[in-house]
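First up is the structure itself, then whatever we jot down about it.
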Amino acid sequence: MRQLLSFLALMADILSFAVFLRAIISWFPISPNNSFVVVLVQVTEPIIAPLRRVVPLLGMMDITPLVAMVALQIIASWLRAI
(Lines give C-alpha, C1' and ligand atoms only; values in the text may rest on other atoms or scores of the structure.)
Protein backbone atom coordinates (compact mmCIF):
# COMPACT_ATOMS: atom_id res chain seq x y z
CA MET A 1 0.00 0.00 0.00
CA ARG A 2 2.85 2.36 0.87
CA GLN A 3 4.39 1.90 -2.58
CA LEU A 4 1.10 2.74 -4.27
CA LEU A 5 0.76 5.97 -2.26
CA SER A 6 4.36 6.92 -3.07
CA PHE A 7 3.72 6.25 -6.75
CA LEU A 8 0.56 8.39 -6.72
CA ALA A 9 2.47 11.19 -4.95
CA LEU A 10 5.18 10.98 -7.61
CA MET A 11 2.56 11.15 -10.37
CA ALA A 12 1.03 14.24 -8.73
CA ASP A 13 4.49 15.85 -8.65
CA ILE A 14 5.09 15.04 -12.32
CA LEU A 15 1.68 16.39 -13.28
CA SER A 16 2.35 19.55 -11.29
CA PHE A 17 5.62 20.02 -13.18
CA ALA A 18 3.81 19.44 -16.49
CA VAL A 19 1.29 22.17 -15.59
CA PHE A 20 4.20 24.47 -14.73
CA LEU A 21 5.85 23.76 -18.11
CA ARG A 22 2.59 24.41 -19.91
CA ALA A 23 2.23 27.78 -18.18
CA ILE A 24 5.82 28.78 -19.03
CA ILE A 25 5.52 27.63 -22.64
CA SER A 26 2.37 29.70 -23.07
CA TRP A 27 4.50 32.85 -22.72
CA PHE A 28 6.54 32.04 -25.83
CA PRO A 29 5.51 31.96 -29.50
CA ILE A 30 5.76 28.19 -29.97
CA SER A 31 3.67 26.48 -32.63
CA PRO A 32 0.65 24.69 -31.12
CA ASN A 33 1.40 21.86 -33.60
CA ASN A 34 4.72 21.15 -31.90
CA SER A 35 4.59 17.51 -30.74
CA PHE A 36 5.90 18.36 -27.25
CA VAL A 37 3.25 21.05 -26.79
CA VAL A 38 0.52 18.71 -28.05
CA VAL A 39 1.49 16.02 -25.54
CA LEU A 40 1.78 18.58 -22.74
CA VAL A 41 -1.70 19.92 -23.46
CA GLN A 42 -3.16 16.40 -23.64
CA VAL A 43 -1.63 15.49 -20.28
CA THR A 44 -2.60 18.68 -18.43
CA GLU A 45 -5.97 19.53 -19.96
CA PRO A 46 -7.95 17.04 -17.81
CA ILE A 47 -6.73 18.92 -14.72
CA ILE A 48 -6.89 22.49 -16.02
CA ALA A 49 -10.19 22.41 -17.96
CA PRO A 50 -12.49 21.70 -14.97
CA LEU A 51 -10.67 24.30 -12.87
CA ARG A 52 -11.16 26.96 -15.55
CA ARG A 53 -14.91 26.68 -15.05
CA VAL A 54 -14.49 27.43 -11.32
CA VAL A 55 -11.48 29.75 -11.01
CA PRO A 56 -12.19 33.34 -12.10
CA LEU A 57 -9.76 35.39 -14.15
CA LEU A 58 -7.72 38.04 -12.35
CA GLY A 59 -8.01 40.86 -14.81
CA MET A 60 -6.46 39.37 -17.93
CA MET A 61 -4.48 36.72 -16.03
CA ASP A 62 -5.51 33.08 -15.91
CA ILE A 63 -4.38 31.74 -12.53
CA THR A 64 -5.77 28.26 -13.18
CA PRO A 65 -2.30 26.66 -13.63
CA LEU A 66 -1.23 28.10 -10.28
CA VAL A 67 -4.34 26.72 -8.57
CA ALA A 68 -3.75 23.34 -10.24
CA MET A 69 -0.11 23.21 -9.12
CA VAL A 70 -0.98 24.12 -5.53
CA ALA A 71 -3.78 21.53 -5.44
CA LEU A 72 -1.52 18.84 -6.87
CA GLN A 73 1.22 19.65 -4.37
CA ILE A 74 -1.26 19.47 -1.50
CA ILE A 75 -2.46 16.09 -2.76
CA ALA A 76 1.13 14.83 -3.09
CA SER A 77 1.97 15.99 0.43
CA TRP A 78 -1.15 14.37 1.80
CA LEU A 79 -0.33 11.08 0.05
CA ARG A 80 3.18 11.11 1.51
CA ALA A 81 1.84 11.79 5.01
CA ILE A 82 -0.51 8.80 5.01
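Chain labels run A, B, ... following the order of the C-alpha coordinates; each chain numbers its residues from 1, and ligands are numbered from 1 in the order shown.
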Please return, as JSON, numbers by chain, all residues of chain A that DSSP assigns to helix (DSSP H, G or I) on the basis of the backbone. {"A": [2, 3, 4, 5, 6, 7, 8, 9, 10, 11, 12, 13, 14, 15, 16, 17, 18, 19, 20, 21, 22, 23, 24, 25, 35, 36, 37, 38, 39, 40, 41, 42, 43, 44, 45, 46, 47, 48, 49, 50, 51, 52, 64, 65, 66, 67, 68, 69, 70, 71, 72, 73, 74, 75, 76, 77, 78, 79, 80, 81]}
If you count only C-alpha atoms, which residues fall within 12 Å of stretch 58-73 of chain A, apart from same-chain ones fewer than 3 positions away, as a PyMOL selection string? chain A and resi 8-27+41+44-55+76-80
Those residues with N, CA and C atoms, as an mmCIF file, in the first residue's frame please?
data_model
loop_
_atom_site.group_PDB
_atom_site.id
_atom_site.type_symbol
_atom_site.label_atom_id
_atom_site.label_comp_id
_atom_site.auth_asym_id
_atom_site.auth_seq_id
_atom_site.Cartn_x
_atom_site.Cartn_y
_atom_site.Cartn_z
ATOM 1 N N LEU A 8 1.576 7.369 -6.440
ATOM 2 C CA LEU A 8 0.564 8.392 -6.717
ATOM 3 C C LEU A 8 1.085 9.790 -6.386
ATOM 4 N N ALA A 9 1.862 9.907 -5.295
ATOM 5 C CA ALA A 9 2.467 11.194 -4.949
ATOM 6 C C ALA A 9 3.455 11.630 -6.021
ATOM 7 N N LEU A 10 4.234 10.680 -6.534
ATOM 8 C CA LEU A 10 5.181 10.981 -7.611
ATOM 9 C C LEU A 10 4.438 11.429 -8.863
ATOM 10 N N MET A 11 3.346 10.767 -9.197
ATOM 11 C CA MET A 11 2.555 11.152 -10.372
ATOM 12 C C MET A 11 1.971 12.559 -10.202
ATOM 13 N N ALA A 12 1.542 12.890 -8.994
ATOM 14 C CA ALA A 12 1.026 14.241 -8.735
ATOM 15 C C ALA A 12 2.136 15.276 -8.910
ATOM 16 N N ASP A 13 3.354 14.943 -8.466
ATOM 17 C CA ASP A 13 4.490 15.850 -8.654
ATOM 18 C C ASP A 13 4.809 16.043 -10.133
ATOM 19 N N ILE A 14 4.803 14.955 -10.880
ATOM 20 C CA ILE A 14 5.091 15.037 -12.321
ATOM 21 C C ILE A 14 4.020 15.853 -13.037
ATOM 22 N N LEU A 15 2.774 15.638 -12.668
ATOM 23 C CA LEU A 15 1.676 16.390 -13.281
ATOM 24 C C LEU A 15 1.770 17.873 -12.924
ATOM 25 N N SER A 16 2.155 18.161 -11.701
ATOM 26 C CA SER A 16 2.349 19.550 -11.286
ATOM 27 C C SER A 16 3.449 20.211 -12.118
ATOM 28 N N PHE A 17 4.534 19.496 -12.359
ATOM 29 C CA PHE A 17 5.618 20.019 -13.184
ATOM 30 C C PHE A 17 5.163 20.226 -14.624
ATOM 31 N N ALA A 18 4.337 19.309 -15.129
ATOM 32 C CA ALA A 18 3.812 19.441 -16.491
ATOM 33 C C ALA A 18 2.933 20.688 -16.610
ATOM 34 N N VAL A 19 2.122 20.954 -15.588
ATOM 35 C CA VAL A 19 1.288 22.166 -15.590
ATOM 36 C C VAL A 19 2.179 23.403 -15.575
ATOM 37 N N PHE A 20 3.252 23.362 -14.782
ATOM 38 C CA PHE A 20 4.199 24.473 -14.732
ATOM 39 C C PHE A 20 4.829 24.706 -16.109
ATOM 40 N N LEU A 21 5.270 23.628 -16.766
ATOM 41 C CA LEU A 21 5.854 23.761 -18.108
ATOM 42 C C LEU A 21 4.858 24.347 -19.094
ATOM 43 N N ARG A 22 3.615 23.895 -19.003
ATOM 44 C CA ARG A 22 2.589 24.414 -19.912
ATOM 45 C C ARG A 22 2.396 25.919 -19.697
ATOM 46 N N ALA A 23 2.398 26.352 -18.459
ATOM 47 C CA ALA A 23 2.235 27.780 -18.178
ATOM 48 C C ALA A 23 3.414 28.583 -18.718
ATOM 49 N N ILE A 24 4.628 28.081 -18.538
ATOM 50 C CA ILE A 24 5.816 28.780 -19.025
ATOM 51 C C ILE A 24 5.837 28.810 -20.551
ATOM 52 N N ILE A 25 5.515 27.695 -21.178
ATOM 53 C CA ILE A 25 5.523 27.627 -22.639
ATOM 54 C C ILE A 25 4.487 28.571 -23.243
ATOM 55 N N SER A 26 3.406 28.819 -22.526
ATOM 56 C CA SER A 26 2.366 29.703 -23.066
ATOM 57 C C SER A 26 2.857 31.143 -23.233
ATOM 58 N N TRP A 27 3.951 31.494 -22.604
ATOM 59 C CA TRP A 27 4.499 32.847 -22.722
ATOM 60 C C TRP A 27 5.296 33.050 -24.001
ATOM 61 N N VAL A 41 -0.307 19.500 -23.555
ATOM 62 C CA VAL A 41 -1.705 19.916 -23.457
ATOM 63 C C VAL A 41 -2.596 18.711 -23.181
ATOM 64 N N THR A 44 -2.164 17.721 -19.450
ATOM 65 C CA THR A 44 -2.598 18.676 -18.426
ATOM 66 C C THR A 44 -4.044 19.142 -18.567
ATOM 67 N N GLU A 45 -4.608 19.015 -19.737
ATOM 68 C CA GLU A 45 -5.970 19.532 -19.958
ATOM 69 C C GLU A 45 -7.017 18.903 -19.041
ATOM 70 N N PRO A 46 -6.947 17.595 -18.733
ATOM 71 C CA PRO A 46 -7.951 17.038 -17.810
ATOM 72 C C PRO A 46 -7.928 17.660 -16.416
ATOM 73 N N ILE A 47 -6.819 18.244 -16.025
ATOM 74 C CA ILE A 47 -6.725 18.921 -14.723
ATOM 75 C C ILE A 47 -7.143 20.381 -14.848
ATOM 76 N N ILE A 48 -6.682 21.043 -15.888
ATOM 77 C CA ILE A 48 -6.890 22.489 -16.022
ATOM 78 C C ILE A 48 -8.309 22.834 -16.481
ATOM 79 N N ALA A 49 -8.874 22.074 -17.401
ATOM 80 C CA ALA A 49 -10.194 22.409 -17.960
ATOM 81 C C ALA A 49 -11.292 22.515 -16.901
ATOM 82 N N PRO A 50 -11.433 21.546 -15.987
ATOM 83 C CA PRO A 50 -12.487 21.701 -14.968
ATOM 84 C C PRO A 50 -12.242 22.883 -14.027
ATOM 85 N N LEU A 51 -10.974 23.161 -13.743
ATOM 86 C CA LEU A 51 -10.670 24.297 -12.866
ATOM 87 C C LEU A 51 -10.999 25.630 -13.524
ATOM 88 N N ARG A 52 -10.850 25.705 -14.846
ATOM 89 C CA ARG A 52 -11.156 26.957 -15.553
ATOM 90 C C ARG A 52 -12.615 27.352 -15.402
ATOM 91 N N ARG A 53 -13.489 26.377 -15.225
ATOM 92 C CA ARG A 53 -14.913 26.684 -15.047
ATOM 93 C C ARG A 53 -15.191 27.255 -13.661
ATOM 94 N N VAL A 54 -14.274 27.025 -12.717
ATOM 95 C CA VAL A 54 -14.489 27.428 -11.324
ATOM 96 C C VAL A 54 -13.661 28.653 -10.944
ATOM 97 N N VAL A 55 -12.406 28.690 -11.397
ATOM 98 C CA VAL A 55 -11.479 29.751 -11.008
ATOM 99 C C VAL A 55 -11.697 30.973 -11.895
ATOM 100 N N ALA A 76 -0.098 15.605 -3.212
ATOM 101 C CA ALA A 76 1.133 14.833 -3.094
ATOM 102 C C ALA A 76 1.620 14.801 -1.645
ATOM 103 N N SER A 77 1.569 15.937 -0.977
ATOM 104 C CA SER A 77 1.974 15.986 0.431
ATOM 105 C C SER A 77 1.086 15.121 1.300
ATOM 106 N N TRP A 78 -0.201 15.172 1.045
ATOM 107 C CA TRP A 78 -1.154 14.368 1.796
ATOM 108 C C TRP A 78 -0.900 12.871 1.581
ATOM 109 N N LEU A 79 -0.616 12.493 0.339
ATOM 110 C CA LEU A 79 -0.330 11.082 0.049
ATOM 111 C C LEU A 79 0.950 10.613 0.735
ATOM 112 N N ARG A 80 1.926 11.482 0.825
ATOM 113 C CA ARG A 80 3.184 11.111 1.511
ATOM 114 C C ARG A 80 2.996 11.010 3.021
#
One-decimal distance in Å that lies between atom CA of A:Phe7 and atom CA of A:Ile75: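 The value is 12.3 Å.
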Quote the spacing between atom CA of A:Ser6 and atom CA of A:Gln42 in Å to one decimal place.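 Answer for the atom CA of A:Ser6 to atom CA of A:Gln42 separation: 23.9 Å.
The two atoms in question, atom CA of A:Val38 and atom CA of A:Leu57, are spaced 24.0 Å apart.
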